[in-house]
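Text of input-v9.tsv (TSV, C-alpha atoms) as supplied:
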```tsv
chain	number	residue	atom	x	y	z
A	1	MET	CA	176.46	29.75	-67.78
A	2	ALA	CA	176.00	27.53	-70.87
A	3	GLU	CA	174.49	27.92	-74.36
A	4	LEU	CA	172.08	30.33	-75.96
A	5	ARG	CA	168.40	29.78	-75.29
A	6	GLY	CA	167.24	27.65	-78.22
A	7	ASP	CA	168.65	28.32	-81.68
A	8	PRO	CA	169.87	31.88	-82.27
A	9	MET	CA	168.95	31.65	-85.95
A	10	ALA	CA	165.61	29.86	-85.57
A	11	GLU	CA	163.71	33.10	-86.11
A	12	LEU	CA	165.62	33.71	-89.34
A	13	ARG	CA	164.60	30.30	-90.68
A	14	GLY	CA	161.07	30.66	-89.41
A	15	ASP	CA	161.44	27.67	-87.06
A	16	PRO	CA	159.85	27.70	-83.62
A	17	VAL	CA	162.33	28.55	-80.88
A	18	ALA	CA	162.80	25.59	-78.58
A	19	GLU	CA	162.17	26.11	-74.91
A	20	PRO	CA	165.31	25.86	-72.78
A	21	ARG	CA	165.76	22.87	-70.54
A	22	THR	CA	168.23	24.71	-68.31
A	23	GLU	CA	169.08	28.32	-67.45
A	24	PRO	CA	170.63	29.82	-70.62
A	25	ARG	CA	174.38	30.12	-70.32
A	26	HIS	CA	174.63	33.65	-71.70
A	27	ARG	CA	172.19	35.08	-69.14
A	28	ALA	CA	173.72	35.49	-65.72
A	29	ALA	CA	171.98	33.84	-62.78
A	30	GLY	CA	168.98	35.88	-61.70
A	31	ALA	CA	168.62	37.71	-65.02
A	32	GLN	CA	165.45	37.27	-67.05
A	33	PRO	CA	165.63	36.25	-70.73
A	34	SER	CA	164.98	39.19	-73.04
A	35	ASP	CA	162.24	39.20	-75.68
A	36	GLY	CA	164.12	41.87	-77.64
A	37	HIS	CA	161.99	44.75	-76.34
A	38	GLU	CA	164.62	45.84	-73.80
A	39	ALA	CA	167.32	46.00	-76.47
A	40	ALA	CA	164.99	47.90	-78.82
A	41	VAL	CA	164.36	50.51	-76.13
A	42	ILE	CA	168.10	50.83	-75.40
A	43	LEU	CA	168.93	51.19	-79.09
A	44	GLU	CA	166.20	53.75	-79.66
A	45	GLY	CA	167.40	55.73	-76.65
A	46	ALA	CA	170.98	55.64	-77.88
A	47	ARG	CA	169.96	56.79	-81.35
A	48	ARG	CA	167.91	59.64	-79.91
A	49	SER	CA	170.70	60.72	-77.54
A	50	VAL	CA	173.61	60.45	-79.97
A	51	ASP	CA	172.05	61.75	-83.18
A	52	PRO	CA	172.29	65.44	-82.14
A	53	GLU	CA	176.04	64.99	-81.53
A	54	LEU	CA	176.42	63.24	-84.89
A	55	ARG	CA	174.45	65.88	-86.77
A	56	ALA	CA	176.40	68.72	-85.16
A	57	ALA	CA	179.68	67.06	-86.11
A	58	ILE	CA	178.58	66.38	-89.68
A	59	ASP	CA	177.21	69.91	-90.07
A	60	SER	CA	180.73	71.18	-89.42
A	61	LEU	CA	182.03	69.49	-92.59
A	62	PRO	CA	182.56	71.35	-95.87
A	63	GLY	CA	179.49	71.22	-98.09
A	64	SER	CA	180.70	68.51	-100.46
A	65	MET	CA	181.61	66.11	-97.64
A	66	ARG	CA	178.55	67.04	-95.60
A	67	ARG	CA	176.22	66.11	-98.45
A	68	ILE	CA	177.71	62.63	-98.82
A	69	ALA	CA	177.71	62.00	-95.06
A	70	LEU	CA	174.09	63.11	-94.66
A	71	TYR	CA	173.10	60.83	-97.54
A	72	HIS	CA	175.01	57.89	-96.02
A	73	PHE	CA	173.26	58.36	-92.65
A	74	GLY	CA	169.88	58.49	-94.40
A	75	TRP	CA	169.14	62.08	-93.41
A	76	GLU	CA	169.17	63.48	-96.96
A	77	HIS	CA	168.37	62.22	-100.41
A	78	ALA	CA	171.05	62.32	-103.10
A	79	ASP	CA	169.71	65.68	-104.32
A	80	GLY	CA	170.13	67.21	-100.85
A	81	THR	CA	166.46	67.25	-99.87
A	82	PRO	CA	165.62	66.03	-96.33
A	83	ALA	CA	164.97	62.33	-95.78
A	84	ALA	CA	163.77	60.31	-92.82
A	85	GLY	CA	166.00	57.36	-93.57
A	86	ASN	CA	167.64	54.64	-91.55
A	87	ALA	CA	170.88	55.69	-89.85
A	88	GLY	CA	171.57	52.18	-88.59
A	89	LYS	CA	170.83	50.29	-85.39
A	90	ALA	CA	173.23	52.31	-83.18
A	91	ILE	CA	174.60	49.15	-81.56
A	92	ARG	CA	178.08	50.60	-80.96
A	93	PRO	CA	177.03	53.89	-79.35
A	94	ALA	CA	174.45	51.95	-77.34
A	95	LEU	CA	177.27	49.77	-75.99
A	96	VAL	CA	179.28	52.85	-75.00
A	97	LEU	CA	176.33	54.28	-73.11
A	98	ALA	CA	175.28	50.96	-71.56
A	99	ALA	CA	178.82	50.30	-70.29
A	100	ALA	CA	179.07	53.80	-68.85
A	101	THR	CA	175.69	53.38	-67.13
A	102	ALA	CA	176.49	49.92	-65.77
A	103	LEU	CA	179.74	51.08	-64.17
A	104	GLY	CA	178.99	54.72	-63.37
A	105	GLY	CA	175.27	55.42	-63.49
A	106	GLU	CA	173.29	58.02	-65.40
A	107	ARG	CA	175.83	60.77	-64.80
A	108	ALA	CA	178.53	58.70	-66.54
A	109	ARG	CA	176.12	57.99	-69.40
A	110	ALA	CA	175.45	61.69	-69.93
A	111	GLY	CA	179.18	62.41	-69.98
A	112	ALA	CA	179.83	59.71	-72.58
A	113	LEU	CA	177.51	61.01	-75.33
A	114	ARG	CA	180.32	62.64	-77.30
A	115	ALA	CA	182.43	59.48	-77.05
A	116	ALA	CA	179.48	57.37	-78.22
A	117	ALA	CA	179.12	59.64	-81.25
A	118	ALA	CA	182.84	59.28	-81.97
A	119	VAL	CA	182.57	55.50	-81.99
A	120	GLU	CA	179.57	55.67	-84.33
A	121	LEU	CA	181.46	57.97	-86.69
A	122	VAL	CA	184.34	55.49	-86.87
A	123	HIS	CA	181.89	52.68	-87.59
A	124	ASN	CA	180.39	54.63	-90.48
A	125	PHE	CA	183.84	55.52	-91.80
A	126	THR	CA	184.49	51.78	-92.11
A	127	LEU	CA	181.13	51.21	-93.83
A	128	LEU	CA	181.80	53.84	-96.48
A	129	HIS	CA	185.22	52.33	-97.22
A	130	ASP	CA	184.06	48.70	-97.04
A	131	ASP	CA	181.24	49.35	-99.51
A	132	VAL	CA	183.76	50.67	-102.02
A	133	MET	CA	186.18	47.77	-101.53
A	134	ASP	CA	183.48	45.11	-101.56
A	135	ARG	CA	181.54	46.82	-104.38
A	136	ASP	CA	178.34	46.53	-102.33
A	137	ALA	CA	175.57	48.36	-104.14
A	138	THR	CA	172.98	48.51	-101.35
A	139	ARG	CA	173.03	49.47	-97.68
A	140	ARG	CA	170.09	50.24	-95.39
A	141	HIS	CA	167.62	49.73	-98.25
A	142	ARG	CA	169.15	52.38	-100.51
A	143	PRO	CA	172.08	52.66	-102.98
A	144	THR	CA	175.48	52.91	-101.29
A	145	ALA	CA	177.30	56.24	-101.32
A	146	TRP	CA	179.93	55.18	-103.85
A	147	THR	CA	177.25	54.18	-106.37
A	148	VAL	CA	175.72	57.65	-106.09
A	149	PHE	CA	178.74	59.94	-105.67
A	150	GLY	CA	181.62	57.79	-106.97
A	151	ASP	CA	184.49	55.93	-105.32
A	152	ALA	CA	186.68	58.92	-104.56
A	153	ASP	CA	183.95	60.97	-102.90
A	154	ALA	CA	182.77	58.03	-100.76
A	155	ILE	CA	186.34	57.33	-99.60
A	156	LEU	CA	186.97	60.99	-98.79
A	157	ALA	CA	183.69	61.22	-96.86
A	158	GLY	CA	184.78	58.18	-94.84
A	159	ASP	CA	188.12	59.85	-94.11
A	160	ALA	CA	186.26	62.96	-92.95
A	161	LEU	CA	184.09	60.93	-90.55
A	162	GLN	CA	187.18	59.36	-88.98
A	163	ALA	CA	188.71	62.82	-88.52
A	164	LEU	CA	185.48	64.06	-86.93
A	165	ALA	CA	185.53	61.16	-84.48
A	166	LEU	CA	189.02	61.96	-83.25
A	167	ARG	CA	188.22	65.70	-83.10
A	168	LEU	CA	185.18	65.01	-80.91
A	169	LEU	CA	187.43	63.31	-78.37
A	170	ALA	CA	190.26	65.84	-78.76
A	171	VAL	CA	187.98	68.72	-77.70
A	172	ASP	CA	186.09	66.75	-75.06
A	173	PRO	CA	186.98	68.11	-71.58
A	174	HIS	CA	186.11	64.79	-69.91
A	175	PRO	CA	189.14	63.34	-68.06
A	176	ALA	CA	188.77	60.03	-69.93
A	177	ALA	CA	188.81	61.63	-73.39
A	178	GLN	CA	192.54	61.27	-74.00
A	179	ALA	CA	192.61	57.58	-73.09
A	180	ALA	CA	189.48	57.01	-75.19
A	181	ALA	CA	191.06	58.75	-78.19
A	182	ALA	CA	194.18	56.60	-77.95
A	183	ARG	CA	192.09	53.43	-77.67
A	184	LEU	CA	189.90	54.42	-80.61
A	185	ALA	CA	192.96	55.22	-82.76
A	186	ASP	CA	194.46	51.82	-81.93
A	187	CYS	CA	191.14	50.24	-82.83
A	188	VAL	CA	191.14	51.92	-86.27
A	189	VAL	CA	194.58	50.44	-86.97
A	190	GLU	CA	193.26	47.00	-85.98
A	191	LEU	CA	190.18	47.48	-88.16
A	192	CYS	CA	192.42	48.29	-91.12
A	193	GLU	CA	194.50	45.21	-90.41
A	194	GLY	CA	191.36	43.07	-90.37
A	195	GLN	CA	190.05	44.56	-93.60
A	196	HIS	CA	193.43	44.02	-95.26
A	197	ALA	CA	193.38	40.36	-94.19
A	198	ASP	CA	189.85	40.01	-95.52
A	199	THR	CA	190.64	41.44	-98.94
A	200	ALA	CA	193.84	39.39	-99.15
A	201	MET	CA	191.88	36.20	-98.49
A	202	GLU	CA	189.62	36.91	-101.45
A	203	LYS	CA	192.63	36.49	-103.75
A	204	ARG	CA	193.54	33.08	-102.36
A	205	ALA	CA	192.21	29.71	-103.44
A	206	PRO	CA	189.42	28.27	-101.24
A	207	ALA	CA	191.65	25.47	-99.93
A	208	GLU	CA	194.31	27.96	-98.75
A	209	VAL	CA	192.17	29.73	-96.13
A	210	THR	CA	191.99	28.24	-92.63
A	211	LEU	CA	189.23	28.62	-90.09
A	212	ASP	CA	191.61	29.96	-87.44
A	213	GLU	CA	192.81	32.84	-89.60
A	214	VAL	CA	189.30	33.83	-90.67
A	215	LEU	CA	188.26	33.94	-86.98
A	216	VAL	CA	191.24	36.20	-86.22
A	217	MET	CA	190.26	38.40	-89.14
A	218	ALA	CA	186.65	38.59	-87.92
A	219	GLU	CA	187.74	39.66	-84.45
A	220	ALA	CA	189.83	42.47	-85.93
A	221	LYS	CA	187.13	43.60	-88.36
A	222	THR	CA	184.10	43.39	-86.06
A	223	GLY	CA	185.03	42.41	-82.52
A	224	ALA	CA	187.62	45.16	-82.11
A	225	LEU	CA	185.16	48.05	-82.47
A	226	LEU	CA	182.49	46.48	-80.26
A	227	GLY	CA	185.19	45.85	-77.65
A	228	CYS	CA	186.43	49.41	-78.01
A	229	ALA	CA	182.89	50.75	-77.59
A	230	CYS	CA	182.44	48.88	-74.31
A	231	ALA	CA	185.91	49.87	-73.08
A	232	VAL	CA	185.32	53.54	-73.90
A	233	GLY	CA	182.10	53.46	-71.90
A	234	ALA	CA	184.00	51.94	-68.99
A	235	LEU	CA	186.68	54.65	-69.25
A	236	TYR	CA	184.05	57.37	-69.07
A	237	ALA	CA	182.65	55.71	-65.95
A	238	GLY	CA	186.06	55.93	-64.27
A	239	ALA	CA	186.44	52.14	-64.15
A	240	SER	CA	189.66	50.38	-63.18
A	241	ALA	CA	192.08	49.15	-65.83
A	242	GLU	CA	191.00	45.56	-65.11
A	243	ASP	CA	187.33	46.38	-65.63
A	244	VAL	CA	188.09	48.31	-68.83
A	245	GLU	CA	189.88	45.26	-70.25
A	246	ALA	CA	187.07	42.93	-69.15
A	247	LEU	CA	184.55	45.13	-70.99
A	248	ASP	CA	186.79	45.14	-74.06
A	249	ALA	CA	186.96	41.33	-73.96
A	250	PHE	CA	183.17	41.16	-73.54
A	251	GLY	CA	182.65	43.33	-76.61
A	252	ARG	CA	185.14	41.36	-78.68
A	253	GLN	CA	183.45	38.06	-77.93
A	254	ALA	CA	180.02	39.55	-78.58
A	255	GLY	CA	181.45	41.01	-81.80
A	256	LEU	CA	182.53	37.59	-83.00
A	257	ALA	CA	179.03	36.28	-82.30
A	258	PHE	CA	177.67	39.30	-84.18
A	259	GLN	CA	179.87	38.57	-87.21
A	260	LEU	CA	178.94	34.89	-87.23
A	261	ILE	CA	175.25	35.75	-87.31
A	262	ASP	CA	175.87	38.54	-89.84
A	263	ASP	CA	177.55	36.05	-92.16
A	264	VAL	CA	174.62	33.65	-91.81
A	265	ILE	CA	172.20	36.46	-92.61
A	266	GLY	CA	174.40	37.41	-95.58
A	267	ILE	CA	173.67	34.01	-97.11
A	268	TRP	CA	170.17	33.13	-95.92
A	269	GLY	CA	168.68	36.47	-94.79
A	270	ASP	CA	165.54	38.10	-96.15
A	271	PRO	CA	166.49	41.05	-98.40
A	272	GLY	CA	163.28	42.81	-97.32
A	273	ARG	CA	164.68	42.96	-93.78
A	274	THR	CA	168.42	43.24	-94.41
A	275	GLY	CA	168.35	45.89	-97.14
A	276	LYS	CA	170.87	43.83	-99.12
A	277	PRO	CA	170.39	41.20	-101.85
A	278	ALA	CA	170.39	37.61	-100.59
A	279	GLY	CA	173.51	35.59	-101.30
A	280	ALA	CA	175.62	38.56	-102.41
A	281	ASP	CA	178.61	37.21	-100.47
A	282	LEU	CA	178.36	33.89	-102.29
A	283	ALA	CA	178.14	35.57	-105.68
A	284	VAL	CA	181.45	37.40	-105.10
A	285	ARG	CA	182.98	34.22	-103.60
A	286	LYS	CA	183.51	35.85	-100.21
A	287	LYS	CA	185.18	33.56	-97.68
A	288	SER	CA	182.81	34.28	-94.83
A	289	LEU	CA	182.85	32.25	-91.62
A	290	PRO	CA	180.12	29.72	-92.58
A	291	VAL	CA	181.73	29.25	-95.99
A	292	VAL	CA	185.21	28.57	-94.61
A	293	ALA	CA	183.75	26.21	-92.00
A	294	ALA	CA	181.98	24.36	-94.81
A	295	LEU	CA	185.06	24.31	-97.03
A	296	THR	CA	187.19	22.79	-94.26
A	297	SER	CA	184.61	20.21	-93.15
A	298	GLY	CA	186.02	17.35	-95.27
A	299	THR	CA	182.53	16.40	-96.48
A	300	PRO	CA	181.38	15.67	-100.04
A	301	ALA	CA	179.45	18.95	-99.92
A	302	ALA	CA	182.72	20.72	-99.08
A	303	ALA	CA	184.25	19.37	-102.28
A	304	GLU	CA	181.25	20.58	-104.26
A	305	LEU	CA	181.50	24.01	-102.64
A	306	ALA	CA	185.24	24.23	-103.36
A	307	GLU	CA	184.54	23.46	-107.00
A	308	LEU	CA	181.89	26.18	-107.17
A	309	TYR	CA	184.12	28.70	-105.40
A	310	GLY	CA	186.98	27.92	-107.76
A	311	LEU	CA	184.98	29.25	-110.71
A	312	PRO	CA	183.38	32.64	-111.43
A	313	TYR	CA	179.77	32.99	-110.34
A	314	GLU	CA	177.16	32.01	-112.91
A	315	GLU	CA	173.61	33.33	-112.85
A	316	GLY	CA	171.19	31.02	-111.09
A	317	GLU	CA	173.63	29.03	-108.93
A	318	LEU	CA	173.12	30.88	-105.62
A	319	GLU	CA	170.64	28.33	-104.29
A	320	ARG	CA	172.99	25.45	-105.09
A	321	THR	CA	175.92	27.23	-103.45
A	322	ALA	CA	173.95	28.09	-100.30
A	323	LEU	CA	172.74	24.50	-100.08
A	324	ALA	CA	176.31	23.21	-100.34
A	325	VAL	CA	177.38	25.48	-97.46
A	326	GLU	CA	174.48	24.20	-95.37
A	327	ARG	CA	175.01	20.53	-96.22
A	328	ALA	CA	178.70	20.86	-95.35
A	329	GLY	CA	177.74	22.10	-91.90
A	330	GLY	CA	178.66	25.78	-92.29
A	331	ARG	CA	175.35	27.12	-91.06
A	332	ASP	CA	175.14	24.85	-87.99
A	333	TRP	CA	178.78	25.56	-87.13
A	334	ALA	CA	178.26	29.33	-87.29
A	335	GLN	CA	175.19	29.17	-85.05
A	336	ALA	CA	176.96	26.96	-82.50
A	337	GLN	CA	180.01	29.22	-82.52
A	338	ALA	CA	177.79	32.28	-81.98
A	339	ALA	CA	176.37	30.61	-78.88
A	340	ASP	CA	179.85	29.71	-77.63
A	341	HIS	CA	181.24	33.22	-78.10
A	342	MET	CA	178.23	34.73	-76.36
A	343	ALA	CA	178.86	32.44	-73.39
A	344	ARG	CA	182.47	33.65	-73.29
A	345	ALA	CA	181.28	37.24	-73.59
A	346	VAL	CA	179.10	36.94	-70.51
A	347	GLN	CA	181.91	35.32	-68.54
A	348	GLU	CA	184.08	38.33	-69.34
A	349	LEU	CA	181.29	40.73	-68.42
A	350	ALA	CA	180.82	39.05	-65.03
A	351	ARG	CA	184.45	39.84	-64.17
A	352	ALA	CA	183.65	43.56	-64.16
A	353	ILE	CA	179.91	43.55	-63.36
A	354	PRO	CA	178.97	40.47	-61.31
A	355	ASP	CA	175.42	41.69	-60.60
A	356	PRO	CA	173.20	40.78	-63.59
A	357	GLN	CA	170.82	43.62	-62.76
A	358	ASP	CA	173.62	46.16	-63.20
A	359	ALA	CA	174.72	44.43	-66.42
A	360	GLY	CA	171.18	44.20	-67.80
A	361	GLY	CA	171.58	46.71	-70.62
A	362	LEU	CA	174.79	45.13	-71.89
A	363	LEU	CA	173.28	41.64	-71.66
A	364	ALA	CA	170.19	42.75	-73.60
A	365	LEU	CA	172.34	44.22	-76.37
A	366	ALA	CA	174.51	41.09	-76.47
A	367	GLU	CA	171.45	38.90	-76.81
A	368	PHE	CA	170.08	41.16	-79.51
A	369	VAL	CA	173.08	40.69	-81.79
A	370	THR	CA	172.68	36.90	-81.75
A	371	ARG	CA	168.91	36.84	-82.25
A	372	ARG	CA	168.58	39.46	-84.98
A	373	SER	CA	167.48	38.67	-88.53
A	374	SER	CA	168.67	41.83	-90.28
```
Output the structure of this file as structure tokens.
Amino acid sequence: MAELRGDPMAELRGDPVAEPRTEPRHRAAGAQPSDGHEAAVILEGARRSVDPELRAAIDSLPGSMRRIALYHFGWEHADGTPAAGNAGKAIRPALVLAAATALGGERARAGALRAAAAVELVHNFTLLHDDVMDRDATRRHRPTAWTVFGDADAILAGDALQALALRLLAVDPHPAAQAAAARLADCVVELCEGQHADTAMEKRAPAEVTLDEVLVMAEAKTGALLGCACAVGALYAGASAEDVEALDAFGRQAGLAFQLIDDVIGIWGDPGRTGKPAGADLAVRKKSLPVVAALTSGTPAAAELAELYGLPYEEGELERTALAVERAGGRDWAQAQAADHMARAVQELARAIPDPQDAGGLLALAEFVTRRSS
């Protein structure tokens, strides 16, 4: 197993994807490279299966909280009228269900629907809170909840979603529910730790942030929940402790690759596909992974970037800032690191599921997160 087939961000740039000269490292021997269709089918199936659980949980909220949650998921407009919006890609619940299927078959998948919904509720709790803290004005092609309902209401709605997630597991009669609830609660603590580290970094000078600590932060903020999703699916399949930990490690490594690509998209992505303005992270001087890699590269472009990041953003300098990150090697580094972490992810997956046919759904989802452009 070696590197990703071609360049994981070639599609984002519009470049042709190079043909591989050897078997791609992140696809296990005997597995066929995915064109994205398999992942799309898995994600659509997860969304269709989990949405009824999510809606039932949200419908149990008091009216004020329910309205905000339904707006956030794209199911209602701000005035409470029905909407057919975008509730997200469902990557995390899809991982729960794919892990359960890989280790326990369709029966395990059916039993894990409530757990998959719980993981998705926790994810959306973090989004509601992150949007407030980061002052992000757009998500999923519409205004964020805090811009519509205010900071306090968005935070409280996020709190309510976290409570719903834990209640779903608390009332679940499945024998794995208690272990899953404990793991999910531990994951929330780690997510909070990662978010705290992220916000603390924003107050520090560019030269004070190291690449190692931003990678640790990214694992806590993103890798932890993807790892938890995979581990919860394994628990619901009745997997051994060793296999549960291997699935957690797989998800964490895939999560790091996900965050690396997400940070690249945050700088160079197409707003028409991402639903967010291009370069927003640069404008707020966010120390994302490509930026920190560029800042610590020791190149002349790194010095230029440090100078830019040391001053408040001025209108019209986004292109110059993005170019400095690219010239200092931040974009290439992030893409190479995404490939490396995906290779590690598949090595971890093979510990628990050596047959690539059995691991196909998880492999397709892992490949999806490194080849996406939004």
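Among the candidate residues A:Val291, A:Glu53, A:Leu61, A:Leu365, the one lying nearest to A:Ala94 is A:Leu365, with distances computed using only C-alpha atoms.
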Rounded to one decimal, what separation in Å do you get between atom CA of A:Leu295 and atom CA of A:Ile267?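 Spanning atom CA of A:Leu295 to atom CA of A:Ile267 is a straight-line distance of 15.0 Å.
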Give me the residues within 9 Å of stretch 35-42 of chain A as a ChimeraX atom specification, counting all atoms listed in the file and dropping any in the same chain fewer than 5 places off. /A:47,94,98,361-368,371-372
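Each of A:Val369, A:Cys228, A:Ala57, A:Leu70 was checked against A:Gly85 using all atoms listed in the file; the smallest atom-to-atom distance is that of A:Leu70.
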A:Ala116, A:Pro206, A:Arg331, A:Leu128 ranked by distance to A:Glu307, top pick (using all atoms listed in the file): A:Pro206
Spatial neighbours of A:Thr299, 9 Å, only C-alpha atoms, chain gap at least 3 places, as a ChimeraX atom specification: /A:294-296,302-304,327-329
Which residues, protein or nucleic acid, reach to within 10 Å of (194.4, 34.0, -90.3) in the file's coordinates when using only C-alpha atoms, and can you give that as a PyMOL selection string? chain A and resi 194+197-198+201+209-218
Residue neighbourhood A:Pro173, 12 Å, only C-alpha atoms, exclusion window fewer than 4 positions, as an MDAnalysis selection string: chainID A and resid 111:112 114:115 167:169 177:178 180 236
Compute the distance from (184.9, 40.6, -99.9) to each atom, counting only C-alpha atoms, keep the residues with any atom at most 9 Å away, and return them as a ChimeraX atom specification; use the coordinates of the file. /A:130,133-135,198-199,201-202,281,284-288
